[in-house]
Amino acid sequence: MDIQELLATAKEQTFGRFAQKLNSLIRENYKFSNLDEDNRKIILDIIKKHLGDIHNGQGISSTVLERERYGLYQHREKLKLTEADLADIKEILNLFKK
(Lines give C-alpha, C1' and ligand atoms only; values in the text may rest on other atoms or scores of the structure.)
Protein backbone atom coordinates (compact mmCIF):
# COMPACT_ATOMS: atom_id res chain seq x y z
CA MET A 1 0.00 0.00 0.00
CA ASP A 2 1.23 3.46 -0.78
CA ILE A 3 0.24 6.81 0.69
CA GLN A 4 -2.20 7.59 -2.14
CA GLU A 5 -4.14 4.38 -1.46
CA LEU A 6 -4.17 5.18 2.24
CA LEU A 7 -5.51 8.68 1.62
CA ALA A 8 -8.13 7.38 -0.81
CA THR A 9 -9.49 4.97 1.81
CA ALA A 10 -9.13 7.33 4.78
CA LYS A 11 -12.77 8.36 4.63
CA GLU A 12 -14.06 4.83 5.20
CA GLN A 13 -11.67 3.89 8.00
CA THR A 14 -11.73 4.44 11.73
CA PHE A 15 -8.80 6.37 13.16
CA GLY A 16 -7.43 3.19 14.74
CA ARG A 17 -7.32 1.36 11.41
CA PHE A 18 -6.00 4.44 9.61
CA ALA A 19 -3.25 4.85 12.24
CA GLN A 20 -2.32 1.19 11.96
CA LYS A 21 -1.95 1.40 8.19
CA LEU A 22 -0.04 4.69 8.35
CA ASN A 23 2.28 3.27 10.99
CA SER A 24 2.95 0.22 8.81
CA LEU A 25 3.54 2.41 5.78
CA ILE A 26 6.08 4.56 7.62
CA ARG A 27 7.80 1.56 9.21
CA GLU A 28 8.13 -0.32 5.91
CA ASN A 29 9.22 2.63 3.77
CA TYR A 30 13.01 2.71 3.56
CA LYS A 31 13.03 6.53 3.29
CA PHE A 32 11.59 6.84 6.79
CA SER A 33 13.56 4.05 8.45
CA ASN A 34 15.22 6.46 10.90
CA LEU A 35 11.85 7.36 12.49
CA ASP A 36 11.35 5.50 15.75
CA GLU A 37 8.11 4.73 17.58
CA ASP A 38 8.09 8.10 19.37
CA ASN A 39 8.47 9.95 16.07
CA ARG A 40 5.64 7.95 14.51
CA LYS A 41 3.47 8.80 17.53
CA ILE A 42 4.19 12.51 16.99
CA ILE A 43 3.06 12.21 13.38
CA LEU A 44 -0.08 10.29 14.33
CA ASP A 45 -0.95 12.83 17.03
CA ILE A 46 -0.74 15.68 14.52
CA ILE A 47 -2.80 13.78 11.97
CA LYS A 48 -5.37 12.82 14.60
CA LYS A 49 -5.92 16.51 15.42
CA HIS A 50 -6.79 17.14 11.78
CA LEU A 51 -8.43 13.85 10.89
CA GLY A 52 -11.80 15.49 10.27
CA ASP A 53 -10.32 17.53 7.44
CA ILE A 54 -8.59 14.46 6.02
CA HIS A 55 -11.81 12.41 6.19
CA ASN A 56 -13.68 15.19 4.42
CA GLY A 57 -11.15 15.03 1.62
CA GLN A 58 -9.90 18.54 2.30
CA GLY A 59 -6.50 17.66 3.70
CA ILE A 60 -4.56 19.87 6.08
CA SER A 61 -3.94 23.46 5.06
CA SER A 62 -0.37 24.57 4.48
CA THR A 63 -0.73 27.23 7.20
CA VAL A 64 -1.74 24.63 9.77
CA LEU A 65 1.08 22.32 8.69
CA GLU A 66 3.59 25.17 9.00
CA ARG A 67 2.33 25.92 12.51
CA GLU A 68 2.62 22.24 13.49
CA ARG A 69 6.16 22.00 12.10
CA TYR A 70 7.15 25.20 13.87
CA GLY A 71 5.92 23.75 17.17
CA LEU A 72 7.96 20.61 16.57
CA TYR A 73 11.02 22.67 15.74
CA GLN A 74 10.63 24.73 18.92
CA HIS A 75 10.40 21.59 21.06
CA ARG A 76 12.88 19.48 19.08
CA GLU A 77 15.29 19.06 22.00
CA LYS A 78 12.57 18.01 24.43
CA LEU A 79 11.14 15.61 21.83
CA LYS A 80 14.66 14.41 20.90
CA LEU A 81 14.15 15.14 17.21
CA THR A 82 17.12 15.31 14.89
CA GLU A 83 17.22 17.39 11.72
CA ALA A 84 16.67 14.20 9.72
CA ASP A 85 13.62 13.35 11.85
CA LEU A 86 12.18 16.82 11.29
CA ALA A 87 12.75 16.55 7.54
CA ASP A 88 11.04 13.15 7.39
CA ILE A 89 8.12 14.34 9.51
CA LYS A 90 7.75 17.36 7.25
CA GLU A 91 7.74 15.12 4.17
CA ILE A 92 5.09 12.82 5.63
CA LEU A 93 2.88 15.69 6.81
CA ASN A 94 3.12 17.34 3.39
CA LEU A 95 1.44 14.27 1.93
CA PHE A 96 -1.71 15.36 3.79
CA LYS A 97 -1.60 18.94 2.52
CA LYS A 98 -4.59 20.28 0.62
# chains A, B, ... in the order shown; residues from 1 in each chain; ligands from 1
>>> residues_around(residues="region 32-47 of chain A", least_positions_apart="6", cutoff="7 Å", atoms="only C-alpha atoms", output="list in words")
Ala19, Asn23, Ile26, Asp85, Asp88 and Ile89 of chain A
>>> select_by_dssp(residues="chain A", states="helix (DSSP H, G or I)", output="PyMOL selection string")
chain A and resi 3-12+15-28+30-32+37-49+51-55+62-74+76-79+83-94
>>> closest_residue(among="A:Lys80, A:His75, A:His50, A:Lys31", to="Lys98 (chain A)", atoms="only C-alpha atoms")
A:His50
>>> residues_around(residues="region 53-56 of chain A", least_positions_apart="2", cutoff="8 Å", atoms="only C-alpha atoms", output="PyMOL selection string")
chain A and resi 7+10-12+50-51+58-60+96
>>> atom_distance(atom1="CA of Thr9 (chain A)", atom2="CA of Glu66 (chain A)")
25.1 Å
>>> closest_residue(among="A:Leu81, A:Ile3, A:Ala87, A:Ala8", to="Glu28 (chain A)", atoms="only C-alpha atoms")
A:Ile3
>>> decode(residues="region 10-49 of chain A", atoms="N, CA and C atoms", output="mmCIF file, in the first residue's frame")
data_model
loop_
_atom_site.group_PDB
_atom_site.id
_atom_site.type_symbol
_atom_site.label_atom_id
_atom_site.label_comp_id
_atom_site.auth_asym_id
_atom_site.auth_seq_id
_atom_site.Cartn_x
_atom_site.Cartn_y
_atom_site.Cartn_z
ATOM 1 N N ALA A 10 -9.082 6.724 3.449
ATOM 2 C CA ALA A 10 -9.135 7.333 4.781
ATOM 3 C C ALA A 10 -10.559 7.632 5.222
ATOM 4 N N LYS A 11 -11.392 7.985 4.293
ATOM 5 C CA LYS A 11 -12.767 8.363 4.628
ATOM 6 C C LYS A 11 -13.555 7.202 5.224
ATOM 7 N N GLU A 12 -13.299 5.997 4.750
ATOM 8 C CA GLU A 12 -14.062 4.828 5.196
ATOM 9 C C GLU A 12 -13.496 4.167 6.444
ATOM 10 N N GLN A 13 -12.329 4.589 6.905
ATOM 11 C CA GLN A 13 -11.667 3.891 8.005
ATOM 12 C C GLN A 13 -11.819 4.621 9.332
ATOM 13 N N THR A 14 -11.793 3.843 10.400
ATOM 14 C CA THR A 14 -11.729 4.444 11.726
ATOM 15 C C THR A 14 -10.316 4.972 11.927
ATOM 16 N N PHE A 15 -10.138 5.837 12.938
ATOM 17 C CA PHE A 15 -8.801 6.367 13.159
ATOM 18 C C PHE A 15 -7.838 5.251 13.543
ATOM 19 N N GLY A 16 -8.302 4.290 14.321
ATOM 20 C CA GLY A 16 -7.427 3.188 14.736
ATOM 21 C C GLY A 16 -6.876 2.426 13.550
ATOM 22 N N ARG A 17 -7.752 2.093 12.610
ATOM 23 C CA ARG A 17 -7.323 1.358 11.414
ATOM 24 C C ARG A 17 -6.425 2.225 10.530
ATOM 25 N N PHE A 18 -6.799 3.494 10.387
ATOM 26 C CA PHE A 18 -5.996 4.441 9.610
ATOM 27 C C PHE A 18 -4.597 4.570 10.221
ATOM 28 N N ALA A 19 -4.535 4.720 11.548
ATOM 29 C CA ALA A 19 -3.247 4.850 12.244
ATOM 30 C C ALA A 19 -2.399 3.606 12.067
ATOM 31 N N GLN A 20 -3.038 2.443 12.135
ATOM 32 C CA GLN A 20 -2.315 1.189 11.962
ATOM 33 C C GLN A 20 -1.691 1.104 10.566
ATOM 34 N N LYS A 21 -2.475 1.463 9.557
ATOM 35 C CA LYS A 21 -1.953 1.404 8.187
ATOM 36 C C LYS A 21 -0.866 2.447 7.958
ATOM 37 N N LEU A 22 -1.063 3.648 8.500
ATOM 38 C CA LEU A 22 -0.044 4.687 8.353
ATOM 39 C C LEU A 22 1.244 4.281 9.056
ATOM 40 N N ASN A 23 1.124 3.724 10.237
ATOM 41 C CA ASN A 23 2.283 3.272 10.994
ATOM 42 C C ASN A 23 3.045 2.199 10.210
ATOM 43 N N SER A 24 2.318 1.260 9.630
ATOM 44 C CA SER A 24 2.950 0.217 8.809
ATOM 45 C C SER A 24 3.647 0.815 7.595
ATOM 46 N N LEU A 25 2.979 1.763 6.966
ATOM 47 C CA LEU A 25 3.542 2.405 5.778
ATOM 48 C C LEU A 25 4.853 3.119 6.113
ATOM 49 N N ILE A 26 4.870 3.841 7.214
ATOM 50 C CA ILE A 26 6.080 4.557 7.623
ATOM 51 C C ILE A 26 7.185 3.577 7.997
ATOM 52 N N ARG A 27 6.823 2.538 8.737
ATOM 53 C CA ARG A 27 7.802 1.559 9.209
ATOM 54 C C ARG A 27 8.435 0.795 8.047
ATOM 55 N N GLU A 28 7.643 0.490 7.024
ATOM 56 C CA GLU A 28 8.127 -0.324 5.909
ATOM 57 C C GLU A 28 8.804 0.481 4.806
ATOM 58 N N ASN A 29 8.623 1.801 4.804
ATOM 59 C CA ASN A 29 9.215 2.627 3.769
ATOM 60 C C ASN A 29 10.672 2.930 4.122
ATOM 61 N N TYR A 30 11.582 2.548 3.264
ATOM 62 C CA TYR A 30 13.009 2.710 3.558
ATOM 63 C C TYR A 30 13.400 4.170 3.773
ATOM 64 N N LYS A 31 12.676 5.111 3.148
ATOM 65 C CA LYS A 31 13.030 6.526 3.292
ATOM 66 C C LYS A 31 12.823 7.016 4.720
ATOM 67 N N PHE A 32 11.914 6.381 5.442
ATOM 68 C CA PHE A 32 11.594 6.836 6.792
ATOM 69 C C PHE A 32 12.085 5.862 7.856
ATOM 70 N N SER A 33 13.088 5.080 7.525
ATOM 71 C CA SER A 33 13.564 4.047 8.446
ATOM 72 C C SER A 33 14.190 4.616 9.718
ATOM 73 N N ASN A 34 14.606 5.883 9.697
ATOM 74 C CA ASN A 34 15.215 6.459 10.897
ATOM 75 C C ASN A 34 14.174 6.908 11.929
ATOM 76 N N LEU A 35 12.887 6.937 11.549
ATOM 77 C CA LEU A 35 11.848 7.356 12.492
ATOM 78 C C LEU A 35 11.535 6.220 13.466
ATOM 79 N N ASP A 36 11.651 6.523 14.748
ATOM 80 C CA ASP A 36 11.348 5.503 15.745
ATOM 81 C C ASP A 36 9.881 5.597 16.171
ATOM 82 N N GLU A 37 9.500 4.782 17.136
ATOM 83 C CA GLU A 37 8.107 4.729 17.581
ATOM 84 C C GLU A 37 7.625 6.075 18.113
ATOM 85 N N ASP A 38 8.471 6.786 18.842
ATOM 86 C CA ASP A 38 8.086 8.100 19.367
ATOM 87 C C ASP A 38 7.823 9.093 18.241
ATOM 88 N N ASN A 39 8.652 9.053 17.217
ATOM 89 C CA ASN A 39 8.469 9.946 16.068
ATOM 90 C C ASN A 39 7.174 9.633 15.329
ATOM 91 N N ARG A 40 6.881 8.341 15.170
ATOM 92 C CA ARG A 40 5.637 7.952 14.513
ATOM 93 C C ARG A 40 4.434 8.402 15.340
ATOM 94 N N LYS A 41 4.558 8.346 16.656
ATOM 95 C CA LYS A 41 3.473 8.801 17.533
ATOM 96 C C LYS A 41 3.247 10.301 17.363
ATOM 97 N N ILE A 42 4.314 11.060 17.222
ATOM 98 C CA ILE A 42 4.195 12.505 16.989
ATOM 99 C C ILE A 42 3.404 12.769 15.710
ATOM 100 N N ILE A 43 3.742 12.046 14.657
ATOM 101 C CA ILE A 43 3.056 12.205 13.377
ATOM 102 C C ILE A 43 1.574 11.852 13.514
ATOM 103 N N LEU A 44 1.303 10.724 14.169
ATOM 104 C CA LEU A 44 -0.081 10.295 14.334
ATOM 105 C C LEU A 44 -0.885 11.269 15.187
ATOM 106 N N ASP A 45 -0.261 11.848 16.195
ATOM 107 C CA ASP A 45 -0.952 12.834 17.032
ATOM 108 C C ASP A 45 -1.339 14.067 16.222
ATOM 109 N N ILE A 46 -0.445 14.510 15.364
ATOM 110 C CA ILE A 46 -0.745 15.677 14.519
ATOM 111 C C ILE A 46 -1.869 15.336 13.547
ATOM 112 N N ILE A 47 -1.779 14.181 12.934
ATOM 113 C CA ILE A 47 -2.802 13.780 11.971
ATOM 114 C C ILE A 47 -4.147 13.593 12.667
ATOM 115 N N LYS A 48 -4.119 13.036 13.870
ATOM 116 C CA LYS A 48 -5.367 12.818 14.605
ATOM 117 C C LYS A 48 -6.084 14.142 14.876
ATOM 118 N N LYS A 49 -5.317 15.201 15.175
ATOM 119 C CA LYS A 49 -5.920 16.510 15.422
ATOM 120 C C LYS A 49 -6.676 17.017 14.195
#
